[in-house]
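Engineer: So I've got this file, my_file18.cif, and it contains mmCIF, C-alpha atoms (C1' of nucleotides); chains and numbers go by the auth columns:
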```cif
data_work
#
loop_
_atom_site.group_PDB
_atom_site.id
_atom_site.type_symbol
_atom_site.label_atom_id
_atom_site.label_comp_id
_atom_site.label_asym_id
_atom_site.label_seq_id
_atom_site.Cartn_x
_atom_site.Cartn_y
_atom_site.Cartn_z
_atom_site.B_iso_or_equiv
_atom_site.auth_seq_id
_atom_site.auth_asym_id
ATOM 1 C CA MET A 1 24.991 -5.138 -17.416 0.00 1 A
ATOM 2 C CA ASN A 2 28.514 -5.885 -16.221 0.00 2 A
ATOM 3 C CA LYS A 3 29.871 -9.289 -15.295 0.00 3 A
ATOM 4 C CA LYS A 4 29.845 -8.702 -11.559 0.00 4 A
ATOM 5 C CA ASN A 5 26.187 -7.702 -11.480 0.00 5 A
ATOM 6 C CA ARG A 6 25.340 -10.695 -13.658 0.00 6 A
ATOM 7 C CA GLU A 7 27.141 -12.962 -11.186 0.00 7 A
ATOM 8 C CA ILE A 8 25.425 -11.410 -8.190 0.00 8 A
ATOM 9 C CA LEU A 9 21.983 -11.888 -9.721 0.00 9 A
ATOM 10 C CA ALA A 10 22.775 -15.438 -10.819 0.00 10 A
ATOM 11 C CA ILE A 11 23.840 -16.422 -7.314 0.00 11 A
ATOM 12 C CA LEU A 12 20.872 -14.711 -5.708 0.00 12 A
ATOM 13 C CA GLU A 13 18.563 -16.478 -8.144 0.00 13 A
ATOM 14 C CA GLU A 14 20.037 -19.813 -7.088 0.00 14 A
ATOM 15 C CA THR A 15 19.725 -18.867 -3.437 0.00 15 A
ATOM 16 C CA TYR A 16 16.154 -17.574 -3.676 0.00 16 A
ATOM 17 C CA PRO A 17 14.471 -19.580 -6.467 0.00 17 A
ATOM 18 C CA ASP A 18 11.056 -18.631 -5.120 0.00 18 A
ATOM 19 C CA ALA A 19 11.654 -14.865 -5.030 0.00 19 A
ATOM 20 C CA ARG A 20 8.397 -13.140 -5.892 0.00 20 A
ATOM 21 C CA CYS A 21 5.877 -10.589 -4.672 0.00 21 A
ATOM 22 C CA GLU A 22 4.955 -11.579 -1.135 0.00 22 A
ATOM 23 C CA LEU A 23 1.972 -9.305 -0.717 0.00 23 A
ATOM 24 C CA ASN A 24 -1.048 -11.579 -1.141 0.00 24 A
ATOM 25 C CA HIS A 25 -3.574 -10.321 -3.699 0.00 25 A
ATOM 26 C CA GLU A 26 -6.030 -11.498 -6.326 0.00 26 A
ATOM 27 C CA SER A 27 -6.336 -8.352 -8.417 0.00 27 A
ATOM 28 C CA PRO A 28 -4.450 -5.164 -9.285 0.00 28 A
ATOM 29 C CA LEU A 29 -6.718 -3.281 -6.881 0.00 29 A
ATOM 30 C CA GLN A 30 -5.945 -5.633 -4.010 0.00 30 A
ATOM 31 C CA LEU A 31 -2.234 -5.321 -4.740 0.00 31 A
ATOM 32 C CA LEU A 32 -2.535 -1.521 -4.790 0.00 32 A
ATOM 33 C CA VAL A 33 -4.323 -1.541 -1.429 0.00 33 A
ATOM 34 C CA ALA A 34 -1.846 -4.001 0.090 0.00 34 A
ATOM 35 C CA THR A 35 1.121 -1.967 -1.130 0.00 35 A
ATOM 36 C CA ILE A 36 -0.266 1.277 0.267 0.00 36 A
ATOM 37 C CA LEU A 37 -0.753 -0.499 3.601 0.00 37 A
ATOM 38 C CA SER A 38 2.797 -1.882 3.520 0.00 38 A
ATOM 39 C CA ALA A 39 4.522 1.453 4.237 0.00 39 A
ATOM 40 C CA GLN A 40 6.654 1.154 7.373 0.00 40 A
ATOM 41 C CA SER A 41 5.150 -2.241 8.089 0.00 41 A
ATOM 42 C CA THR A 42 6.054 -5.856 7.418 0.00 42 A
ATOM 43 C CA ASP A 43 4.472 -7.806 4.576 0.00 43 A
ATOM 44 C CA LYS A 44 3.601 -10.516 7.088 0.00 44 A
ATOM 45 C CA LYS A 45 1.482 -8.107 9.079 0.00 45 A
ATOM 46 C CA VAL A 46 -0.076 -6.689 5.902 0.00 46 A
ATOM 47 C CA ASN A 47 -1.051 -10.180 4.742 0.00 47 A
ATOM 48 C CA GLU A 48 -2.739 -10.873 8.066 0.00 48 A
ATOM 49 C CA VAL A 49 -4.775 -7.698 7.699 0.00 49 A
ATOM 50 C CA THR A 50 -5.679 -8.124 4.023 0.00 50 A
ATOM 51 C CA ALA A 51 -6.663 -11.757 4.543 0.00 51 A
ATOM 52 C CA LYS A 52 -9.603 -10.568 6.635 0.00 52 A
ATOM 53 C CA LEU A 53 -10.174 -7.297 4.796 0.00 53 A
ATOM 54 C CA PHE A 54 -10.358 -8.816 1.294 0.00 54 A
ATOM 55 C CA GLN A 55 -12.700 -11.516 2.542 0.00 55 A
ATOM 56 C CA GLU A 56 -15.413 -8.903 3.009 0.00 56 A
ATOM 57 C CA TYR A 57 -14.153 -6.214 0.647 0.00 57 A
ATOM 58 C CA ALA A 58 -12.726 -7.762 -2.492 0.00 58 A
ATOM 59 C CA THR A 59 -13.714 -5.473 -5.361 0.00 59 A
ATOM 60 C CA LEU A 60 -13.884 -1.730 -5.930 0.00 60 A
ATOM 61 C CA GLU A 61 -17.658 -1.858 -5.563 0.00 61 A
ATOM 62 C CA ASP A 62 -17.126 -3.476 -2.164 0.00 62 A
ATOM 63 C CA PHE A 63 -14.549 -0.894 -1.083 0.00 63 A
ATOM 64 C CA LEU A 64 -16.839 1.959 -2.122 0.00 64 A
ATOM 65 C CA THR A 65 -19.211 0.817 0.642 0.00 65 A
ATOM 66 C CA ILE A 66 -16.653 0.568 3.434 0.00 66 A
ATOM 67 C CA THR A 67 -16.964 3.021 6.320 0.00 67 A
ATOM 68 C CA PRO A 68 -14.032 4.884 7.869 0.00 68 A
ATOM 69 C CA GLU A 69 -14.646 3.083 11.159 0.00 69 A
ATOM 70 C CA ILE A 70 -14.602 -0.392 9.646 0.00 70 A
ATOM 71 C CA LEU A 71 -11.558 0.355 7.519 0.00 71 A
ATOM 72 C CA GLU A 72 -9.702 1.761 10.510 0.00 72 A
ATOM 73 C CA SER A 73 -10.551 -1.250 12.642 0.00 73 A
ATOM 74 C CA HIS A 74 -8.969 -3.489 10.010 0.00 74 A
ATOM 75 C CA ILE A 75 -5.783 -1.528 9.423 0.00 75 A
ATOM 76 C CA LYS A 76 -5.101 -0.141 12.876 0.00 76 A
ATOM 77 C CA VAL A 77 -2.469 -2.756 13.745 0.00 77 A
ATOM 78 C CA ILE A 78 -0.457 -1.799 10.651 0.00 78 A
ATOM 79 C CA GLY A 79 0.692 1.616 11.773 0.00 79 A
ATOM 80 C CA LEU A 80 0.316 4.979 10.031 0.00 80 A
ATOM 81 C CA TYR A 81 -3.328 3.984 9.922 0.00 81 A
ATOM 82 C CA LYS A 82 -4.876 7.439 9.790 0.00 82 A
ATOM 83 C CA THR A 83 -3.146 8.632 6.662 0.00 83 A
ATOM 84 C CA LYS A 84 -3.430 5.233 5.024 0.00 84 A
ATOM 85 C CA GLY A 85 -7.141 5.084 5.814 0.00 85 A
ATOM 86 C CA GLN A 86 -7.796 8.601 4.553 0.00 86 A
ATOM 87 C CA ASN A 87 -5.823 7.966 1.381 0.00 87 A
ATOM 88 C CA LEU A 88 -7.732 4.775 0.638 0.00 88 A
ATOM 89 C CA LEU A 89 -11.101 6.431 1.240 0.00 89 A
ATOM 90 C CA LYS A 90 -10.153 9.109 -1.302 0.00 90 A
ATOM 91 C CA LEU A 91 -8.614 6.580 -3.642 0.00 91 A
ATOM 92 C CA PHE A 92 -11.643 4.352 -4.210 0.00 92 A
ATOM 93 C CA PRO A 93 -14.017 7.015 -5.617 0.00 93 A
ATOM 94 C CA LEU A 94 -11.142 8.437 -7.688 0.00 94 A
ATOM 95 C CA LEU A 95 -10.619 5.066 -9.356 0.00 95 A
ATOM 96 C CA LYS A 96 -14.302 4.883 -10.208 0.00 96 A
ATOM 97 C CA GLU A 97 -14.700 8.443 -11.442 0.00 97 A
ATOM 98 C CA ARG A 98 -11.393 9.114 -13.171 0.00 98 A
ATOM 99 C CA HIS A 99 -10.216 5.663 -14.147 0.00 99 A
ATOM 100 C CA HIS A 100 -13.371 3.753 -15.122 0.00 100 A
ATOM 101 C CA GLY A 101 -13.124 1.667 -11.969 0.00 101 A
ATOM 102 C CA GLU A 102 -9.741 0.283 -12.991 0.00 102 A
ATOM 103 C CA VAL A 103 -6.265 0.664 -11.540 0.00 103 A
ATOM 104 C CA PRO A 104 -4.322 2.847 -14.010 0.00 104 A
ATOM 105 C CA ARG A 105 -1.307 1.350 -15.767 0.00 105 A
ATOM 106 C CA THR A 106 1.053 4.299 -16.037 0.00 106 A
ATOM 107 C CA MET A 107 3.502 5.773 -13.541 0.00 107 A
ATOM 108 C CA GLU A 108 2.092 9.258 -14.100 0.00 108 A
ATOM 109 C CA GLU A 109 -1.491 8.252 -13.320 0.00 109 A
ATOM 110 C CA LEU A 110 -0.511 6.033 -10.395 0.00 110 A
ATOM 111 C CA VAL A 111 1.598 8.592 -8.525 0.00 111 A
ATOM 112 C CA ALA A 112 -1.219 11.108 -8.921 0.00 112 A
ATOM 113 C CA LEU A 113 -3.362 8.911 -6.667 0.00 113 A
ATOM 114 C CA PRO A 114 -3.478 9.635 -2.921 0.00 114 A
ATOM 115 C CA GLY A 115 -0.977 7.592 -0.944 0.00 115 A
ATOM 116 C CA VAL A 116 0.802 6.345 -4.055 0.00 116 A
ATOM 117 C CA GLY A 117 4.465 7.243 -4.591 0.00 117 A
ATOM 118 C CA ARG A 118 7.047 5.814 -6.978 0.00 118 A
ATOM 119 C CA LYS A 119 7.696 2.772 -4.831 0.00 119 A
ATOM 120 C CA THR A 120 4.031 1.742 -4.683 0.00 120 A
ATOM 121 C CA ALA A 121 3.523 2.570 -8.357 0.00 121 A
ATOM 122 C CA ASN A 122 6.490 0.429 -9.356 0.00 122 A
ATOM 123 C CA VAL A 123 5.230 -2.516 -7.299 0.00 123 A
ATOM 124 C CA VAL A 124 1.846 -2.352 -9.032 0.00 124 A
ATOM 125 C CA LEU A 125 3.299 -1.807 -12.516 0.00 125 A
ATOM 126 C CA SER A 126 5.702 -4.733 -12.251 0.00 126 A
ATOM 127 C CA ASN A 127 3.611 -7.259 -10.340 0.00 127 A
ATOM 128 C CA ALA A 128 0.108 -6.544 -11.637 0.00 128 A
ATOM 129 C CA PHE A 129 0.822 -5.363 -15.176 0.00 129 A
ATOM 130 C CA ASP A 130 4.177 -6.966 -16.033 0.00 130 A
ATOM 131 C CA VAL A 131 5.794 -3.622 -16.762 0.00 131 A
ATOM 132 C CA PRO A 132 9.560 -3.793 -16.070 0.00 132 A
ATOM 133 C CA ALA A 133 10.216 -1.694 -12.972 0.00 133 A
ATOM 134 C CA ILE A 134 12.428 -1.543 -9.899 0.00 134 A
ATOM 135 C CA ALA A 135 10.556 -0.510 -6.792 0.00 135 A
ATOM 136 C CA VAL A 136 13.156 0.820 -4.363 0.00 136 A
ATOM 137 C CA ASP A 137 12.032 0.152 -0.834 0.00 137 A
ATOM 138 C CA THR A 138 14.149 0.055 2.307 0.00 138 A
ATOM 139 C CA HIS A 139 15.522 -3.398 1.407 0.00 139 A
ATOM 140 C CA VAL A 140 16.395 -2.649 -2.204 0.00 140 A
ATOM 141 C CA PHE A 141 18.092 0.588 -1.170 0.00 141 A
ATOM 142 C CA ARG A 142 20.159 -1.076 1.542 0.00 142 A
ATOM 143 C CA VAL A 143 21.126 -4.246 -0.312 0.00 143 A
ATOM 144 C CA SER A 144 21.937 -2.710 -3.688 0.00 144 A
ATOM 145 C CA ASN A 145 24.132 -0.076 -2.035 0.00 145 A
ATOM 146 C CA ARG A 146 25.867 -2.530 0.261 0.00 146 A
ATOM 147 C CA LEU A 147 26.624 -4.886 -2.603 0.00 147 A
ATOM 148 C CA GLY A 148 27.938 -1.965 -4.615 0.00 148 A
ATOM 149 C CA ILE A 149 25.586 -2.412 -7.571 0.00 149 A
ATOM 150 C CA VAL A 150 24.982 1.304 -7.075 0.00 150 A
ATOM 151 C CA LYS A 151 26.426 4.000 -4.827 0.00 151 A
ATOM 152 C CA GLU A 152 23.649 6.423 -4.053 0.00 152 A
ATOM 153 C CA THR A 153 22.250 8.295 -1.079 0.00 153 A
ATOM 154 C CA THR A 154 18.569 8.546 -2.049 0.00 154 A
ATOM 155 C CA VAL A 155 15.965 6.017 -3.163 0.00 155 A
ATOM 156 C CA GLU A 156 15.235 8.057 -6.282 0.00 156 A
ATOM 157 C CA LYS A 157 18.838 8.001 -7.477 0.00 157 A
ATOM 158 C CA THR A 158 19.090 4.347 -6.499 0.00 158 A
ATOM 159 C CA GLU A 159 16.161 3.514 -8.777 0.00 159 A
ATOM 160 C CA GLU A 160 17.680 5.549 -11.599 0.00 160 A
ATOM 161 C CA SER A 161 21.114 3.956 -11.254 0.00 161 A
ATOM 162 C CA LEU A 162 19.742 0.426 -10.884 0.00 162 A
ATOM 163 C CA MET A 163 17.853 0.847 -14.153 0.00 163 A
ATOM 164 C CA LYS A 164 21.122 1.803 -15.831 0.00 164 A
ATOM 165 C CA ALA A 165 23.171 -0.926 -14.161 0.00 165 A
ATOM 166 C CA LEU A 166 20.751 -3.787 -14.850 0.00 166 A
ATOM 167 C CA ASP A 167 19.162 -5.031 -18.070 0.00 167 A
ATOM 168 C CA LYS A 168 15.525 -4.051 -18.389 0.00 168 A
ATOM 169 C CA LYS A 169 14.420 -7.659 -18.697 0.00 169 A
ATOM 170 C CA VAL A 170 15.728 -8.464 -15.213 0.00 170 A
ATOM 171 C CA TRP A 171 14.440 -5.373 -13.398 0.00 171 A
ATOM 172 C CA THR A 172 11.432 -6.988 -11.749 0.00 172 A
ATOM 173 C CA LYS A 173 13.265 -10.193 -10.896 0.00 173 A
ATOM 174 C CA ALA A 174 16.210 -8.260 -9.478 0.00 174 A
ATOM 175 C CA HIS A 175 13.808 -6.241 -7.325 0.00 175 A
ATOM 176 C CA HIS A 176 12.436 -9.432 -5.771 0.00 176 A
ATOM 177 C CA LEU A 177 15.867 -11.000 -5.352 0.00 177 A
ATOM 178 C CA LEU A 178 17.211 -7.931 -3.548 0.00 178 A
ATOM 179 C CA ILE A 179 14.192 -7.895 -1.226 0.00 179 A
ATOM 180 C CA PHE A 180 14.505 -11.594 -0.407 0.00 180 A
ATOM 181 C CA HIS A 181 18.198 -11.143 0.278 0.00 181 A
ATOM 182 C CA GLY A 182 17.447 -8.166 2.497 0.00 182 A
ATOM 183 C CA ARG A 183 14.997 -10.246 4.506 0.00 183 A
ATOM 184 C CA ARG A 184 16.892 -13.507 4.813 0.00 184 A
ATOM 185 C CA LEU A 185 20.564 -12.516 5.115 0.00 185 A
ATOM 186 C CA CYS A 186 21.333 -8.858 4.392 0.00 186 A
ATOM 187 C CA MET A 187 19.223 -7.450 7.200 0.00 187 A
ATOM 188 C CA ALA A 188 19.468 -3.850 8.343 0.00 188 A
ATOM 189 C CA ARG A 189 20.652 -4.563 11.861 0.00 189 A
ATOM 190 C CA ALA A 190 22.898 -7.628 11.920 0.00 190 A
ATOM 191 C CA PRO A 191 23.523 -8.856 8.373 0.00 191 A
ATOM 192 C CA LYS A 192 24.709 -12.469 8.178 0.00 192 A
ATOM 193 C CA CYS A 193 27.748 -11.756 6.031 0.00 193 A
ATOM 194 C CA GLY A 194 29.345 -15.044 7.080 0.00 194 A
ATOM 195 C CA GLU A 195 26.530 -17.020 5.480 0.00 195 A
ATOM 196 C CA CYS A 196 26.119 -14.714 2.496 0.00 196 A
ATOM 197 C CA PRO A 197 26.651 -16.402 -0.899 0.00 197 A
ATOM 198 C CA VAL A 198 27.666 -13.135 -2.556 0.00 198 A
ATOM 199 C CA ASN A 199 29.945 -11.776 0.162 0.00 199 A
ATOM 200 C CA GLU A 200 33.021 -12.071 -2.074 0.00 200 A
ATOM 201 C CA LEU A 201 31.315 -9.730 -4.540 0.00 201 A
ATOM 202 C CA CYS A 202 30.130 -7.293 -1.880 0.00 202 A
ATOM 203 C CA THR A 203 31.724 -3.895 -1.282 0.00 203 A
ATOM 204 C CA TYR A 204 30.250 -3.721 2.210 0.00 204 A
ATOM 205 C CA TYR A 205 31.849 -7.046 3.159 0.00 205 A
ATOM 206 C CA ALA A 206 35.115 -6.099 1.488 0.00 206 A
ATOM 207 C CA GLY A 207 35.262 -2.686 3.085 0.00 207 A
ATOM 208 C CA GLU A 208 35.389 -1.729 6.691 0.00 208 A
ATOM 209 C CA LYS A 209 31.698 -2.501 7.001 0.00 209 A
ATOM 210 C CA LYS A 210 31.211 1.162 7.455 0.00 210 A
ATOM 211 C CA SER A 211 27.612 1.506 8.371 0.00 211 A
ATOM 212 C CA LEU A 212 25.365 2.395 5.495 0.00 212 A
ATOM 213 C CA LYS A 213 23.536 5.611 6.091 0.00 213 A
ATOM 214 C CA LYS A 214 19.806 5.714 5.768 0.00 214 A
ATOM 215 C CA PRO A 215 18.524 7.168 2.517 0.00 215 A
ATOM 216 C CA LYS A 216 18.214 10.930 2.435 0.00 216 A
ATOM 217 C CA ARG A 217 14.802 12.206 1.570 0.00 217 A
ATOM 218 C CA SER A 218 14.716 14.222 -1.541 0.00 218 A
ATOM 219 C "C1'" DA B 1 16.396 1.794 20.605 0.00 1 B
ATOM 220 C "C1'" DT B 2 15.766 0.306 15.807 0.00 2 B
ATOM 221 C "C1'" DC B 3 13.416 -1.307 11.882 0.00 3 B
ATOM 222 C "C1'" DC B 4 9.427 -2.702 8.800 0.00 4 B
ATOM 223 C "C1'" DC B 5 8.374 -3.484 0.562 0.00 5 B
ATOM 224 C "C1'" DG B 6 6.739 5.249 2.326 0.00 6 B
ATOM 225 C "C1'" DA B 7 4.195 9.330 1.328 0.00 7 B
ATOM 226 C "C1'" DG B 8 2.925 13.998 1.832 0.00 8 B
ATOM 227 C "C1'" DG B 9 3.300 18.352 3.735 0.00 9 B
ATOM 228 C "C1'" DG B 10 6.104 22.358 5.460 0.00 10 B
ATOM 229 C "C1'" DC C 1 16.062 20.066 2.986 0.00 1 C
ATOM 230 C "C1'" DC C 2 13.125 18.682 7.201 0.00 2 C
ATOM 231 C "C1'" DC C 3 9.262 16.571 9.882 0.00 3 C
ATOM 232 C "C1'" DT C 4 5.318 13.625 11.017 0.00 4 C
ATOM 233 C "C1'" DC C 5 2.451 9.788 10.885 0.00 5 C
ATOM 234 C "C1'" DT C 6 2.040 4.719 13.787 0.00 6 C
ATOM 235 C "C1'" DG C 7 1.793 -0.160 15.846 0.00 7 C
ATOM 236 C "C1'" DG C 8 4.302 -4.294 16.382 0.00 8 C
ATOM 237 C "C1'" DA C 9 8.493 -7.150 16.390 0.00 9 C
ATOM 238 C "C1'" DT C 10 13.210 -7.729 17.773 0.00 10 C
#
```
Hey, can you dump this file as structure tokens for me?
Structural biologist:
Amino acid sequence: MNKKNREILAILEETYPDARCELNHESPLQLLVATILSAQSTDKKVNEVTAKLFQEYATLEDFLTITPEILESHIKVIGLYKTKGQNLLKLFPLLKERHHGEVPRTMEELVALPGVGRKTANVVLSNAFDVPAIAVDTHVFRVSNRLGIVKETTVEKTEESLMKALDKKVWTKAHHLLIFHGRRLCMARAPKCGECPVNELCTYYAGEKKSLKKPKRS
DNA sequence: ATCCCGAGGG
DNA sequence: CCCTCTGGAT
């Protein structure tokens, strides 16, 4: 890990000492459900939904009894609710039948589950099972590319390059720091570069502020 | 009109 | 590579 990236992370750590997973959960399963629901939604909205949902449906045994109508009524306000609902209804019996009722702990098994891609898998691996991982969501993609920690055009390559650029022991922490920074200062629309504590280390601030293109799908 | 801790199908 | 799914906030 080079000096500049070390400095960036050190400053971000000072700025966001409470950086952590902000999806409320009390088990790996609840985190998996919350993360699936979080696609194209805000964690704030997801937490509102799961607060009520997990009150009645907390364990896998509980979720195995939920009806499509009840599930939909809970998650409707989140967006993308049909696919998310269908994926979850397929997911619960799969966990029971193929995974002994447990959330699997490997990338390969996780991404094989309906509605689970690399981003969701990495969130679960790092936050529920303490496996070093960098989940590249919209914030991590935008912030890491603006700062110049990586220069990539897809989330997959961004994850790959971030793992090379950063020491493994800081992967999960760096993921949270980049997300917090993306929420508080380095927002998509009007980033607060004037207030940014790492602007002197930032290629986006140094450059012409040429707008960062959205990630290409791959 | 744009963005939010994306994934799957064509 | 592309498109669609989706409501809510700004």
Engineer: Would you kindly return, as a ChimeraX atom specification, each protein, DNA or RNA residue with an atom no farther than 8 Å from any atom of Lys82 of chain A, considering all atoms listed in the file and excluding same-chain residues fewer than 2 positions away?
Structural biologist: /A:72,80,84-86 /C:5
Engineer: Store the residues picked out above in a file with C-alpha atoms (C1' of nucleotides), as a PDB file, in the frame of the given file.
Structural biologist:
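Saved the output as selection_22.pdb:
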```pdb
ATOM      1  CA  GLU A  72      -9.702   1.761  10.510  1.00  0.00           C
ATOM      2  CA  LEU A  80       0.316   4.979  10.031  1.00  0.00           C
ATOM      3  CA  LYS A  84      -3.430   5.233   5.024  1.00  0.00           C
ATOM      4  CA  GLY A  85      -7.141   5.084   5.814  1.00  0.00           C
ATOM      5  CA  GLN A  86      -7.796   8.601   4.553  1.00  0.00           C
TER       6      GLN A  86
ATOM      7  C1'  DC C   5       2.451   9.788  10.885  1.00  0.00           C
TER       8       DC C   5
END
```
Engineer: Excluding same-chain residues fewer than 2 positions from Pro93 of chain A, what lies within 12 Å of it counting only C-alpha atoms (C1' of nucleotides), as JSON, numbers by chain?
Structural biologist: {"A": [60, 61, 62, 63, 64, 65, 66, 87, 88, 89, 90, 91, 95, 96, 97, 98, 99, 100, 101, 102, 103, 113, 114]}
Engineer: Go through A:His175, A:Lys157, A:Lys192, A:Lys44 one by one, measure the shortest atom-to-atom distance of each to chain C using only C-alpha atoms (C1' of nucleotides), and give the residue with the smallest value.
Structural biologist: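 Smallest separation from chain C among the options: A:Lys44.
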Engineer: Using all atoms listed in the file, find each residue of segment 94-156 of chain A with at least one atom at most 8 Å away from an atom of segment 169-174 of chain A; report its shortest atom-to-atom pair and that distance in Å (one decimal), sort the rows by chain and rising residue number, and return the result as a Markdown table.
Structural biologist:
```
| residue | atom | partner | partner_atom | distance |
| --- | --- | --- | --- | --- |
| A:Ser126 | CA | A:Thr172 | CA | 6.2 |
| A:Asn127 | CA | A:Thr172 | CA | 8.0 |
| A:Pro132 | CA | A:Thr172 | CA | 5.7 |
| A:Ala133 | CA | A:Thr172 | CA | 5.6 |
| A:Ile134 | CA | A:Trp171 | CA | 5.6 |
```
Engineer: Report as a tab-separated table: every residue of chain A with an atom at most 9 Å from chain B, its closest pair of atoms, and their distance in Å to one decimal, counting all atoms listed in the file, with rows sorted by chain and ascending residue number.
Structural biologist:
```
residue	atom	partner	partner_atom	distance
A:Glu22	CA	B:DC5	C1'	8.9
A:Leu23	CA	B:DC5	C1'	8.7
A:Thr35	CA	B:DC5	C1'	7.6
A:Ile36	CA	B:DG6	C1'	8.3
A:Ser38	CA	B:DC5	C1'	6.5
A:Ala39	CA	B:DG6	C1'	4.8
A:Gln40	CA	B:DC4	C1'	5.0
A:Ser41	CA	B:DC4	C1'	4.4
A:Thr42	CA	B:DC4	C1'	4.8
A:Asp43	CA	B:DC5	C1'	7.1
A:Pro114	CA	B:DA7	C1'	8.8
A:Gly115	CA	B:DA7	C1'	5.9
A:Val116	CA	B:DA7	C1'	7.0
A:Gly117	CA	B:DA7	C1'	6.3
A:Lys119	CA	B:DG6	C1'	7.6
A:Thr120	CA	B:DG6	C1'	8.3
A:Val123	CA	B:DC5	C1'	8.5
A:Ala135	CA	B:DC5	C1'	8.2
A:Val136	CA	B:DC5	C1'	8.1
A:Asp137	CA	B:DC5	C1'	5.3
A:Thr138	CA	B:DC5	C1'	7.0
A:His139	CA	B:DC5	C1'	7.2
A:Val140	CA	B:DC5	C1'	8.5
A:Ile179	CA	B:DC5	C1'	7.5
A:Ala188	CA	B:DC3	C1'	7.5
A:Arg189	CA	B:DC3	C1'	7.9
```
Engineer: Find the axis-aligned box for chain C, covering all its listed atoms and adding 3 Å on each side, and write its centre and edge lengths in Å to one decimal as JSON.
Structural biologist:
```
{"center_x": 8.9, "center_y": 6.2, "center_z": 10.4, "size_x": 20.3, "size_y": 33.8, "size_z": 20.8}
```
Engineer: I need the chain A residues near chain C as a PDB file with C-alpha atoms, in the coordinates of the input; criterion: at most 8 Å, counting all atoms listed in the file.
Structural biologist:
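Result file follows (iface31.pdb):
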```pdb
ATOM      1  CA  LYS A  76      -5.101  -0.141  12.876  1.00  0.00           C
ATOM      2  CA  VAL A  77      -2.469  -2.756  13.745  1.00  0.00           C
ATOM      3  CA  ILE A  78      -0.457  -1.799  10.651  1.00  0.00           C
ATOM      4  CA  GLY A  79       0.692   1.616  11.773  1.00  0.00           C
ATOM      5  CA  LEU A  80       0.316   4.979  10.031  1.00  0.00           C
ATOM      6  CA  TYR A  81      -3.328   3.984   9.922  1.00  0.00           C
ATOM      7  CA  LYS A  82      -4.876   7.439   9.790  1.00  0.00           C
ATOM      8  CA  THR A  83      -3.146   8.632   6.662  1.00  0.00           C
ATOM      9  CA  SER A 218      14.716  14.222  -1.541  1.00  0.00           C
TER      10      SER A 218
END
```
Engineer: Expressed in Å to a single decimal, how great is the separation between atom CA of His176 of chain A and atom CA of Ile8 of chain A?
Structural biologist: 13.4 Å
Engineer: When distances are computed from only C-alpha atoms, which of A:Gly182, A:Gly148, A:Pro215, A:Pro28 shows the smallest separation from Phe129 of chain A?
Structural biologist: A:Pro28
Engineer: For the structure shown, which residues end up in the PyMOL selection byres ((chain A and resi 194-206) around 10)? Put them as a ChimeraX atom specification, please?
Structural biologist: /A:4-5,7-12,14-15,143-149,181,184-186,191-193,207-212
Engineer: Quick check, in Å to one decimal: how far apart do atom CA of Glu69 of chain A and atom CA of Val49 of chain A lie?
Structural biologist: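 Result for atom CA of Glu69 of chain A versus atom CA of Val49 of chain A: 15.0 Å, one decimal.
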Engineer: So the first atom is atom CA of Asn47 of chain A and the second is atom CA of Glu159 of chain A; what is the distance between them in Å, to one decimal place?
Structural biologist: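 So the answer is 25.8 Å.
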Engineer: Find the residue from A:Cys21, A:Leu32, A:Met1, A:Leu166 that sits nearest to Phe180 of chain A; use all atoms listed in the file when measuring.
Structural biologist: A:Cys21
